[in-house]
Amino acid sequence: MVEEIVKDQKFTYGLELQKLVVDELSNCIGCNECMRVCPVSKSTDLTIALLNEALTNEDEPKGIVKEFALNCCQCGRCVPVCPPGVRRDLMVLYTKSKIKSYPSSYSAYVRLKQPDPPAAARAIYALKKKTMKKALGRLNDVIDTDDLGEAELLFYPGCYIFNEVCHKTVAIMEYLGEDFEIMGGYTKCCGWPQYLQGRLEMADVFLERLWKCISKINPKRIITTCAECYAALRKIKAVYNADFIPLTTTEYFLQNVDRLPIVKFTDKKIGFHDSCHISRKYREDETPRKLLEHFGGYHELDNNKSNTKCCFYYNFENDPENHNHRKERIQEVKDVADVMVSDCITCYEVFKDKMGDEGLEVFDFNEMVFHCIQLEEKKKTEGEN
Amino acid sequence: MKIIDYVIIGAGQAGFFAGQTLLKQENKTKITIIDEDLDSFYYRASLKYMVKKRVGEKELIGTTQSFFKNKRINKIAQKVSVINPSDNSVILGDNTIIHYKKLLIATGGYSYIPQIPGSEIEGVYPQRTLEDTRRICEIADRGKFKKCLILGAGVLGTELAESLVERGVKVELFSNRNTLVPRMLDSRAAEIVADLFKKNGVKIHYEASFSKILEDENKKVRGVETTKGEIIDCDGVFICTGMKRNIELAKNAGLNVERGILTNNFLQTSEPNIFAAGDVVEIVDDKQSHHLIDLWGPAGDMGKIAAQNMMDNSNPIPYNIGAFHAYTIFWKHNCHVLGDFAPKDLTGVETLTYDQKSSTTHNYYKMHFKDNRIIGILSLGEARDPIHLQHIISEQLSIPPNISKKEIIERGFDYERILYAKR
């Protein structure tokens, strides 16, 4: 049923899902291809009929449908295989949004990250800021502040502002002599994790707030390290018909590749891991490959690009099989390479931190570029001496 | 005399969506669904996946137990022999009479078998229903299909060819034209698809049909004689030459019919309390243009709209024909055609194409623009957000000035930028 979609209305994720999911339900041909490729744990009794019924049913989802919705990590692997192009990922997200009692891992996440964080959460941020003061450097002044001026170039690390990877992005941008503003902190969250939890109203607040902040800065380009922030920026660009260009750091590095001292610094074989949001959803899968050519090339994994395997972060560890799925992915990398490279900071963190015992090295592009800059500086210093 | 509020003839996609919509009415209205084959509503458009062994019958059932067990729905597994509009009744095969307040005819269609000598021989099969599919799977599993010939290279024929190949059957495909799936593909796309079929061992015969189907001494199919005079041996022949609409009941009841049951935009037939939905319908719009929409998604939408209008005729909802959208998959290459994907009148039409082959996928997109709008697209390979495009085309959304057409056809373009631009 084709109806006018959110035209002349305020954008909300809920309304978008209603139009793109519920009204399109009749297009589902029930082929089950989505469920065949879906990697998360589910009951063998779960059918397309049950999932579709949950969409039109006004009651809260329960039983095996609820269990499945909470295990869904929103990887979107179900989308490219759907003959009519139905968005099963969004269908499950809509089902998730009707859940009233979320598991503790879901709730713990939003207790810390919500539009108006409680006092306890604020105290945790303050402590983190204090203990990381040295590492944060110039970032101390920008965390959670609204006092940002206009800038042509904006670096948007979002909640990842405390992450070392983002500090390297800043160093690389400084190396390139860029004049840029930084926007980040928990109150500058993009809202996408909350959206992926099904907390649509919360995500609406974050999205609108983020747009207001961006409008004030009025940038032409916005760079981000995070796949979810990137997705939110693309959404803002579409919803508000904004003129800025959202860029992943990978795109930014490739654009500036002639000004960066990128070299092949390791003989280890590199395997590239595509992210669900950047590669599958937005098909930005050629950029990282082109960039990797400058580092000496890469090896293609069995399941990549639109068929890539997820890091399983966004079911908030609800699926007990997460660890095994990640082990499988690590094995896929080990089959062809020694190192996993990712252009998504979430994938990078999951495979590096949660799967550290599996003996796989994980690199991020920011780290790699930064390492090359350090090598160049070292060489210069040695030359001078 | 007991009168049922809503009677639905046909438990397919349109009938099911109508039943589901009628159940939302909060009062205690009674609904009766009548279908000879109350195997229930199954996903007919996915039967090929059963041939491919990728899905079982359990997964193909489109209704849940809660729908079946709903006490407001009475399900009758019978054939309707007569509709009697004069006393608002239907007569079933066992002569039971059911009176209705509102009636929905959702009787769908059947495989059209052209008159070819020998088409009645054992081993000549239609392919439309679950029963047809069960039979194909069973014969294939008995190892009885070594080579099959498929007449008809439209969506149904090509889908069946691929499915049978995946089940280990050797297949040859006959197209009576010099192309494949002419309802969807242009010559370039047909060439790409033909290559995929050839790569997977399917021989394609162009501009060829069967002049005769040949039988062996056991009166079973042994081969065909083609219109080019060639004799080809085979164990099975599939006829995939299209469908006809089940209009006999309506015709005998005196409703207006042509190729389908004629309805207005509100899916109301020439009898005001009888509605029709799904493949059986031929909509006559306000401009007296006729529309036959034998597609899966629209059948469900028609079921919903017809049900709404049956419940409340004070403010009827028109069925919005919207943007045409047909789809299939050829060997992991998604194919979608949307809107005016092959415009006949090229005045003011600008066409852009994208044609790039990677190691795994051939992406071919052809997009037509007119008056600063996307009017149609053919996409083969990776899908191009068909749901967004359907909205963009049917709502005739303009392309914002900060977006170039060249950008739009590129892989990875975000169609939400056009969808939301008017806000």
# chains A, B, ... in the order shown; residues from 1 in each chain; ligands from 1
>>> residues_around(residues="Asp89 (chain A)", least_positions_apart="6", cutoff="7 Å", atoms="only C-alpha atoms", output="PyMOL selection string")
chain A and resi 74+76+78-79
>>> closest_atom_pairs(of="chain A", to="chain B", cutoff="6 Å", atoms="only C-alpha atoms", output="tab-separated table")
residue	atom	partner	partner_atom	distance
A:Met1	CA	B:Asp301	CA	5.5
A:Lys7	CA	B:Arg423	CA	5.3
A:Asp8	CA	B:Arg423	CA	4.9
A:Ser26	CA	B:Gly297	CA	4.9
A:Asn27	CA	B:Gly297	CA	4.1
A:Ile29	CA	B:Ala45	CA	5.7
A:Gly30	CA	B:Tyr43	CA	5.6
A:Cys31	CA	B:Ser46	CA	4.9
A:Thr47	CA	B:Glu59	CA	5.9
A:Ala49	CA	B:Gly62	CA	5.0
A:Pro83	CA	B:Thr328	CA	5.7
A:Pro84	CA	B:Tyr327	CA	5.8
A:Gly85	CA	B:Pro386	CA	5.9
A:Ala238	CA	B:Arg417	CA	4.0
A:Val239	CA	B:Tyr420	CA	5.2
A:Asn241	CA	B:Ala421	CA	5.5
A:Tyr282	CA	B:Gly412	CA	5.5
A:Arg283	CA	B:Gly412	CA	5.1
>>> write_last_selection(atoms="N, CA and C atoms", output="mmCIF file, in the first residue's frame")
data_model
loop_
_atom_site.group_PDB
_atom_site.id
_atom_site.type_symbol
_atom_site.label_atom_id
_atom_site.label_comp_id
_atom_site.auth_asym_id
_atom_site.auth_seq_id
_atom_site.Cartn_x
_atom_site.Cartn_y
_atom_site.Cartn_z
ATOM 1 N N MET A 1 0.860 -1.183 0.000
ATOM 2 C CA MET A 1 0.000 0.000 0.000
ATOM 3 C C MET A 1 0.900 1.238 0.000
ATOM 4 N N LYS A 7 5.616 13.123 4.690
ATOM 5 C CA LYS A 7 5.757 14.424 4.034
ATOM 6 C C LYS A 7 5.001 15.461 4.869
ATOM 7 N N ASP A 8 5.599 16.613 4.996
ATOM 8 C CA ASP A 8 4.989 17.702 5.756
ATOM 9 C C ASP A 8 4.716 17.333 7.210
ATOM 10 N N SER A 26 2.504 -6.570 3.113
ATOM 11 C CA SER A 26 1.906 -7.442 2.092
ATOM 12 C C SER A 26 2.907 -7.811 1.004
ATOM 13 N N ASN A 27 4.035 -7.092 0.936
ATOM 14 C CA ASN A 27 5.051 -7.442 -0.062
ATOM 15 C C ASN A 27 5.861 -8.671 0.326
ATOM 16 N N ILE A 29 6.929 -12.197 0.633
ATOM 17 C CA ILE A 29 6.475 -13.400 -0.066
ATOM 18 C C ILE A 29 6.722 -14.668 0.760
ATOM 19 N N GLY A 30 7.207 -14.477 1.991
ATOM 20 C CA GLY A 30 7.349 -15.621 2.896
ATOM 21 C C GLY A 30 8.361 -16.660 2.466
ATOM 22 N N CYS A 31 9.378 -16.256 1.721
ATOM 23 C CA CYS A 31 10.333 -17.235 1.175
ATOM 24 C C CYS A 31 11.282 -17.778 2.233
ATOM 25 N N THR A 47 8.398 -18.693 12.776
ATOM 26 C CA THR A 47 8.096 -18.646 11.335
ATOM 27 C C THR A 47 7.886 -17.197 10.903
ATOM 28 N N ALA A 49 5.307 -16.229 9.407
ATOM 29 C CA ALA A 49 3.915 -15.905 9.750
ATOM 30 C C ALA A 49 3.833 -15.298 11.149
ATOM 31 N N PRO A 83 13.773 -11.060 -1.914
ATOM 32 C CA PRO A 83 13.378 -10.788 -3.300
ATOM 33 C C PRO A 83 12.580 -9.493 -3.482
ATOM 34 N N PRO A 84 11.543 -9.223 -2.676
ATOM 35 C CA PRO A 84 10.817 -7.959 -2.894
ATOM 36 C C PRO A 84 11.509 -6.744 -2.284
ATOM 37 N N GLY A 85 12.584 -6.958 -1.537
ATOM 38 C CA GLY A 85 13.281 -5.823 -0.931
ATOM 39 C C GLY A 85 12.633 -5.372 0.365
ATOM 40 N N ALA A 238 19.535 13.339 5.130
ATOM 41 C CA ALA A 238 18.330 13.070 4.343
ATOM 42 C C ALA A 238 17.110 13.795 4.916
ATOM 43 N N VAL A 239 16.912 13.634 6.211
ATOM 44 C CA VAL A 239 15.689 14.150 6.840
ATOM 45 C C VAL A 239 15.627 15.686 6.809
ATOM 46 N N ASN A 241 17.558 17.565 4.768
ATOM 47 C CA ASN A 241 18.117 18.007 3.481
ATOM 48 C C ASN A 241 19.338 18.897 3.711
ATOM 49 N N TYR A 282 25.237 1.091 3.590
ATOM 50 C CA TYR A 282 25.523 2.231 2.716
ATOM 51 C C TYR A 282 26.440 1.892 1.546
ATOM 52 N N ARG A 283 26.843 0.653 1.439
ATOM 53 C CA ARG A 283 27.660 0.148 0.312
ATOM 54 C C ARG A 283 28.951 0.946 0.105
#
>>> select_by_dssp(residues="region 36-92 of chain A", states="alpha helix (DSSP H)", output="MDAnalysis selection string")
chainID A and resid 36:37 48:56 63:71 88:92
>>> residues_around(residues="His291 (chain B)", least_positions_apart="5", cutoff="7 Å", atoms="only C-alpha atoms", output="PyMOL selection string")
chain B and resi 282-284
>>> write_last_selection(atoms="C-alpha atoms", output="tab-separated table (two decimals), in the first residue's frame")
chain	number	residue	atom	x	y	z
B	282	GLU	CA	-9.75	-5.79	-13.29
B	283	ILE	CA	-9.95	-2.25	-11.93
B	284	VAL	CA	-11.65	0.38	-14.04
>>> residues_around(residues="region 362-370 of chain B", least_positions_apart="4", cutoff="6 Å", atoms="only C-alpha atoms", output="list in words")
Gly348, Val349, Glu350, Thr351, Leu352, Thr353, Tyr354, Asp355, Gln356, Lys357, Ile374, Ile375, Gly376, Ile377, Leu378, Ser379, Leu380 and Gly381 of chain B
>>> write_last_selection(atoms="N, CA and C atoms", output="PDB file, in the first residue's frame")
ATOM      1  N   GLY B 348      11.033  14.190 -23.475  1.00  0.00           N
ATOM      2  CA  GLY B 348      11.413  14.777 -22.179  1.00  0.00           C
ATOM      3  C   GLY B 348      11.991  13.779 -21.200  1.00  0.00           C
ATOM      4  N   VAL B 349      12.220  12.558 -21.653  1.00  0.00           N
ATOM      5  CA  VAL B 349      12.750  11.540 -20.738  1.00  0.00           C
ATOM      6  C   VAL B 349      14.271  11.474 -20.863  1.00  0.00           C
ATOM      7  N   GLU B 350      14.936  11.530 -19.733  1.00  0.00           N
ATOM      8  CA  GLU B 350      16.390  11.372 -19.719  1.00  0.00           C
ATOM      9  C   GLU B 350      16.685  10.015 -19.066  1.00  0.00           C
ATOM     10  N   THR B 351      17.538   9.239 -19.725  1.00  0.00           N
ATOM     11  CA  THR B 351      17.812   7.896 -19.204  1.00  0.00           C
ATOM     12  C   THR B 351      19.296   7.762 -18.865  1.00  0.00           C
ATOM     13  N   LEU B 352      19.570   7.261 -17.667  1.00  0.00           N
ATOM     14  CA  LEU B 352      20.960   7.010 -17.270  1.00  0.00           C
ATOM     15  C   LEU B 352      21.127   5.526 -16.966  1.00  0.00           C
ATOM     16  N   THR B 353      22.295   5.002 -17.322  1.00  0.00           N
ATOM     17  CA  THR B 353      22.540   3.597 -16.996  1.00  0.00           C
ATOM     18  C   THR B 353      23.836   3.445 -16.206  1.00  0.00           C
ATOM     19  N   TYR B 354      23.890   2.388 -15.458  1.00  0.00           N
ATOM     20  CA  TYR B 354      25.066   2.017 -14.665  1.00  0.00           C
ATOM     21  C   TYR B 354      25.267   0.539 -14.947  1.00  0.00           C
ATOM     22  N   ASP B 355      26.451   0.174 -15.421  1.00  0.00           N
ATOM     23  CA  ASP B 355      26.661  -1.214 -15.832  1.00  0.00           C
ATOM     24  C   ASP B 355      28.062  -1.631 -15.380  1.00  0.00           C
ATOM     25  N   GLN B 356      28.152  -2.306 -14.247  1.00  0.00           N
ATOM     26  CA  GLN B 356      29.475  -2.694 -13.738  1.00  0.00           C
ATOM     27  C   GLN B 356      29.455  -4.102 -13.184  1.00  0.00           C
ATOM     28  N   LYS B 357      30.480  -4.839 -13.549  1.00  0.00           N
ATOM     29  CA  LYS B 357      30.542  -6.236 -13.131  1.00  0.00           C
ATOM     30  C   LYS B 357      31.683  -6.434 -12.140  1.00  0.00           C
ATOM     31  N   ILE B 374      12.192  10.970 -10.769  1.00  0.00           N
ATOM     32  CA  ILE B 374      12.482   9.597 -11.216  1.00  0.00           C
ATOM     33  C   ILE B 374      11.132   9.021 -11.621  1.00  0.00           C
ATOM     34  N   ILE B 375      11.025   8.529 -12.852  1.00  0.00           N
ATOM     35  CA  ILE B 375       9.726   7.959 -13.242  1.00  0.00           C
ATOM     36  C   ILE B 375       9.768   6.427 -13.301  1.00  0.00           C
ATOM     37  N   GLY B 376      10.962   5.859 -13.412  1.00  0.00           N
ATOM     38  CA  GLY B 376      11.018   4.396 -13.438  1.00  0.00           C
ATOM     39  C   GLY B 376      12.440   3.900 -13.346  1.00  0.00           C
ATOM     40  N   ILE B 377      12.579   2.663 -12.938  1.00  0.00           N
ATOM     41  CA  ILE B 377      13.924   2.063 -12.833  1.00  0.00           C
ATOM     42  C   ILE B 377      13.854   0.566 -13.082  1.00  0.00           C
ATOM     43  N   LEU B 378      14.884   0.099 -13.746  1.00  0.00           N
ATOM     44  CA  LEU B 378      15.115  -1.351 -13.845  1.00  0.00           C
ATOM     45  C   LEU B 378      16.421  -1.568 -13.106  1.00  0.00           C
ATOM     46  N   SER B 379      16.433  -2.429 -12.114  1.00  0.00           N
ATOM     47  CA  SER B 379      17.695  -2.684 -11.429  1.00  0.00           C
ATOM     48  C   SER B 379      17.948  -4.179 -11.371  1.00  0.00           C
ATOM     49  N   LEU B 380      19.188  -4.536 -11.675  1.00  0.00           N
ATOM     50  CA  LEU B 380      19.594  -5.944 -11.672  1.00  0.00           C
ATOM     51  C   LEU B 380      20.924  -6.018 -10.932  1.00  0.00           C
ATOM     52  N   GLY B 381      21.026  -6.967 -10.035  1.00  0.00           N
ATOM     53  CA  GLY B 381      22.252  -7.089  -9.243  1.00  0.00           C
ATOM     54  C   GLY B 381      21.933  -6.795  -7.790  1.00  0.00           C
TER      55      GLY B 381
END
>>> residues_around(residues="Ala106 (chain B)", least_positions_apart="2", cutoff="7 Å", atoms="only C-alpha atoms", output="MDAnalysis selection string")
chainID B and resid 9:10 14:15 104 108 276:278 280
>>> write_last_selection(atoms="N, CA and C atoms", output="mmCIF file, in the first residue's frame")
data_model
loop_
_atom_site.group_PDB
_atom_site.id
_atom_site.type_symbol
_atom_site.label_atom_id
_atom_site.label_comp_id
_atom_site.auth_asym_id
_atom_site.auth_seq_id
_atom_site.Cartn_x
_atom_site.Cartn_y
_atom_site.Cartn_z
ATOM 1 N N ILE B 9 -14.636 -15.486 -0.442
ATOM 2 C CA ILE B 9 -14.387 -16.691 -1.244
ATOM 3 C C ILE B 9 -12.926 -16.630 -1.692
ATOM 4 N N GLY B 10 -12.136 -17.565 -1.195
ATOM 5 C CA GLY B 10 -10.720 -17.608 -1.569
ATOM 6 C C GLY B 10 -9.832 -17.276 -0.389
ATOM 7 N N ALA B 14 -5.034 -12.247 -0.993
ATOM 8 C CA ALA B 14 -6.051 -11.197 -0.851
ATOM 9 C C ALA B 14 -7.070 -11.573 0.224
ATOM 10 N N GLY B 15 -7.515 -12.830 0.203
ATOM 11 C CA GLY B 15 -8.510 -13.285 1.184
ATOM 12 C C GLY B 15 -7.969 -13.236 2.595
ATOM 13 N N LEU B 104 -16.804 -10.911 -0.485
ATOM 14 C CA LEU B 104 -15.539 -10.609 -1.181
ATOM 15 C C LEU B 104 -15.171 -11.804 -2.058
ATOM 16 N N GLY B 108 -8.609 -15.532 -7.339
ATOM 17 C CA GLY B 108 -7.300 -15.652 -7.988
ATOM 18 C C GLY B 108 -7.351 -16.117 -9.428
ATOM 19 N N ALA B 276 -14.276 -7.366 -4.838
ATOM 20 C CA ALA B 276 -13.311 -8.339 -5.363
ATOM 21 C C ALA B 276 -11.906 -7.827 -5.070
ATOM 22 N N ALA B 277 -10.967 -8.758 -4.919
ATOM 23 C CA ALA B 277 -9.579 -8.367 -4.616
ATOM 24 C C ALA B 277 -8.620 -9.419 -5.137
ATOM 25 N N GLY B 278 -7.401 -8.965 -5.433
ATOM 26 C CA GLY B 278 -6.346 -9.890 -5.849
ATOM 27 C C GLY B 278 -6.259 -10.072 -7.354
ATOM 28 N N VAL B 280 -7.823 -11.730 -9.419
ATOM 29 C CA VAL B 280 -9.059 -11.862 -10.194
ATOM 30 C C VAL B 280 -9.632 -10.517 -10.657
#
>>> residues_around(residues="Ile213 (chain B)", least_positions_apart="6", cutoff="7 Å", atoms="only C-alpha atoms", output="mmCIF file with N, CA and C atoms, in the first residue's frame")
data_model
loop_
_atom_site.group_PDB
_atom_site.id
_atom_site.type_symbol
_atom_site.label_atom_id
_atom_site.label_comp_id
_atom_site.auth_asym_id
_atom_site.auth_seq_id
_atom_site.Cartn_x
_atom_site.Cartn_y
_atom_site.Cartn_z
ATOM 1 N N PRO B 117 -0.743 -29.965 -29.138
ATOM 2 C CA PRO B 117 -1.043 -31.405 -29.193
ATOM 3 C C PRO B 117 -0.157 -32.165 -28.205
ATOM 4 N N GLY B 118 -0.780 -32.971 -27.393
ATOM 5 C CA GLY B 118 -0.021 -33.758 -26.414
ATOM 6 C C GLY B 118 0.048 -33.112 -25.037
ATOM 7 N N SER B 119 -0.586 -31.952 -24.860
ATOM 8 C CA SER B 119 -0.460 -31.282 -23.553
ATOM 9 C C SER B 119 -1.198 -32.016 -22.438
ATOM 10 N N GLY B 223 9.386 -36.481 -25.018
ATOM 11 C CA GLY B 223 10.092 -35.367 -25.645
ATOM 12 C C GLY B 223 9.122 -34.403 -26.292
ATOM 13 N N VAL B 224 9.692 -33.450 -27.015
ATOM 14 C CA VAL B 224 8.832 -32.504 -27.743
ATOM 15 C C VAL B 224 9.375 -32.320 -29.157
ATOM 16 N N GLU B 225 8.476 -31.891 -29.999
ATOM 17 C CA GLU B 225 8.917 -31.430 -31.313
ATOM 18 C C GLU B 225 8.774 -29.916 -31.265
#
>>> atom_distance(atom1="CA of His290 (chain B)", atom2="CA of Phe266 (chain B)")
13.7 Å
>>> residues_around(residues="region 167-172 of chain B", least_positions_apart="4", cutoff="12 Å", atoms="only C-alpha atoms", output="PyMOL selection string")
chain B and resi 48-54+136-153+157-163+197-198+200-206+208-209+223-224+232-238
>>> atom_distance(atom1="CA of His99 (chain B)", atom2="CA of Ile4 (chain B)")
6.0 Å
>>> atom_distance(atom1="CA of Lys133 (chain A)", atom2="CA of Tyr160 (chain A)")
15.0 Å
>>> select_by_dssp(residues="region 152-254 of chain A", states="strand (DSSP E or B)", output="PDB file with C-alpha atoms, in the first residue's frame")
ATOM      1  CA  LEU A 153      35.238  20.807   9.103  1.00  0.00           C
ATOM      2  CA  LEU A 154      33.778  18.979  12.084  1.00  0.00           C
ATOM      3  CA  PHE A 155      35.135  15.874  13.732  1.00  0.00           C
ATOM      4  CA  TYR A 156      32.298  14.032  15.430  1.00  0.00           C
ATOM      5  CA  PRO A 157      33.532  11.210  17.670  1.00  0.00           C
ATOM      6  CA  GLY A 158      30.223  11.148  19.593  1.00  0.00           C
ATOM      7  CA  PHE A 180      38.401  21.863  12.653  1.00  0.00           C
ATOM      8  CA  GLU A 181      35.913  21.743  15.481  1.00  0.00           C
ATOM      9  CA  ILE A 182      35.204  18.666  17.623  1.00  0.00           C
ATOM     10  CA  MET A 183      31.819  17.645  18.959  1.00  0.00           C
ATOM     11  CA  GLY A 184      31.444  14.733  21.321  1.00  0.00           C
ATOM     12  CA  ARG A 221      32.124  18.122   6.066  1.00  0.00           C
ATOM     13  CA  ILE A 222      31.622  15.955   9.140  1.00  0.00           C
ATOM     14  CA  ILE A 223      34.070  13.164   9.885  1.00  0.00           C
ATOM     15  CA  THR A 224      33.284  10.307  12.210  1.00  0.00           C
ATOM     16  CA  ILE A 245      28.975  15.720   3.579  1.00  0.00           C
ATOM     17  CA  PRO A 246      29.201  12.900   6.116  1.00  0.00           C
ATOM     18  CA  LEU A 247      32.537  11.079   5.893  1.00  0.00           C
ATOM     19  CA  THR A 248      33.907   8.028   7.617  1.00  0.00           C
TER      20      THR A 248
END
>>> closest_residue(among="B:Lys30, B:Arg72, B:Lys219, B:Lys244", to="Tyr6 (chain B)", atoms="only C-alpha atoms")
B:Lys30
>>> closest_residue(among="A:His294, A:Ala54, A:Cys213, A:Tyr240", to="Leu148 (chain A)", atoms="only C-alpha atoms")
A:Cys213
>>> closest_residue(among="A:Ile373, A:Cys189, A:Ala242, A:Val37", to="Glu228 (chain A)", atoms="only C-alpha atoms")
A:Cys189
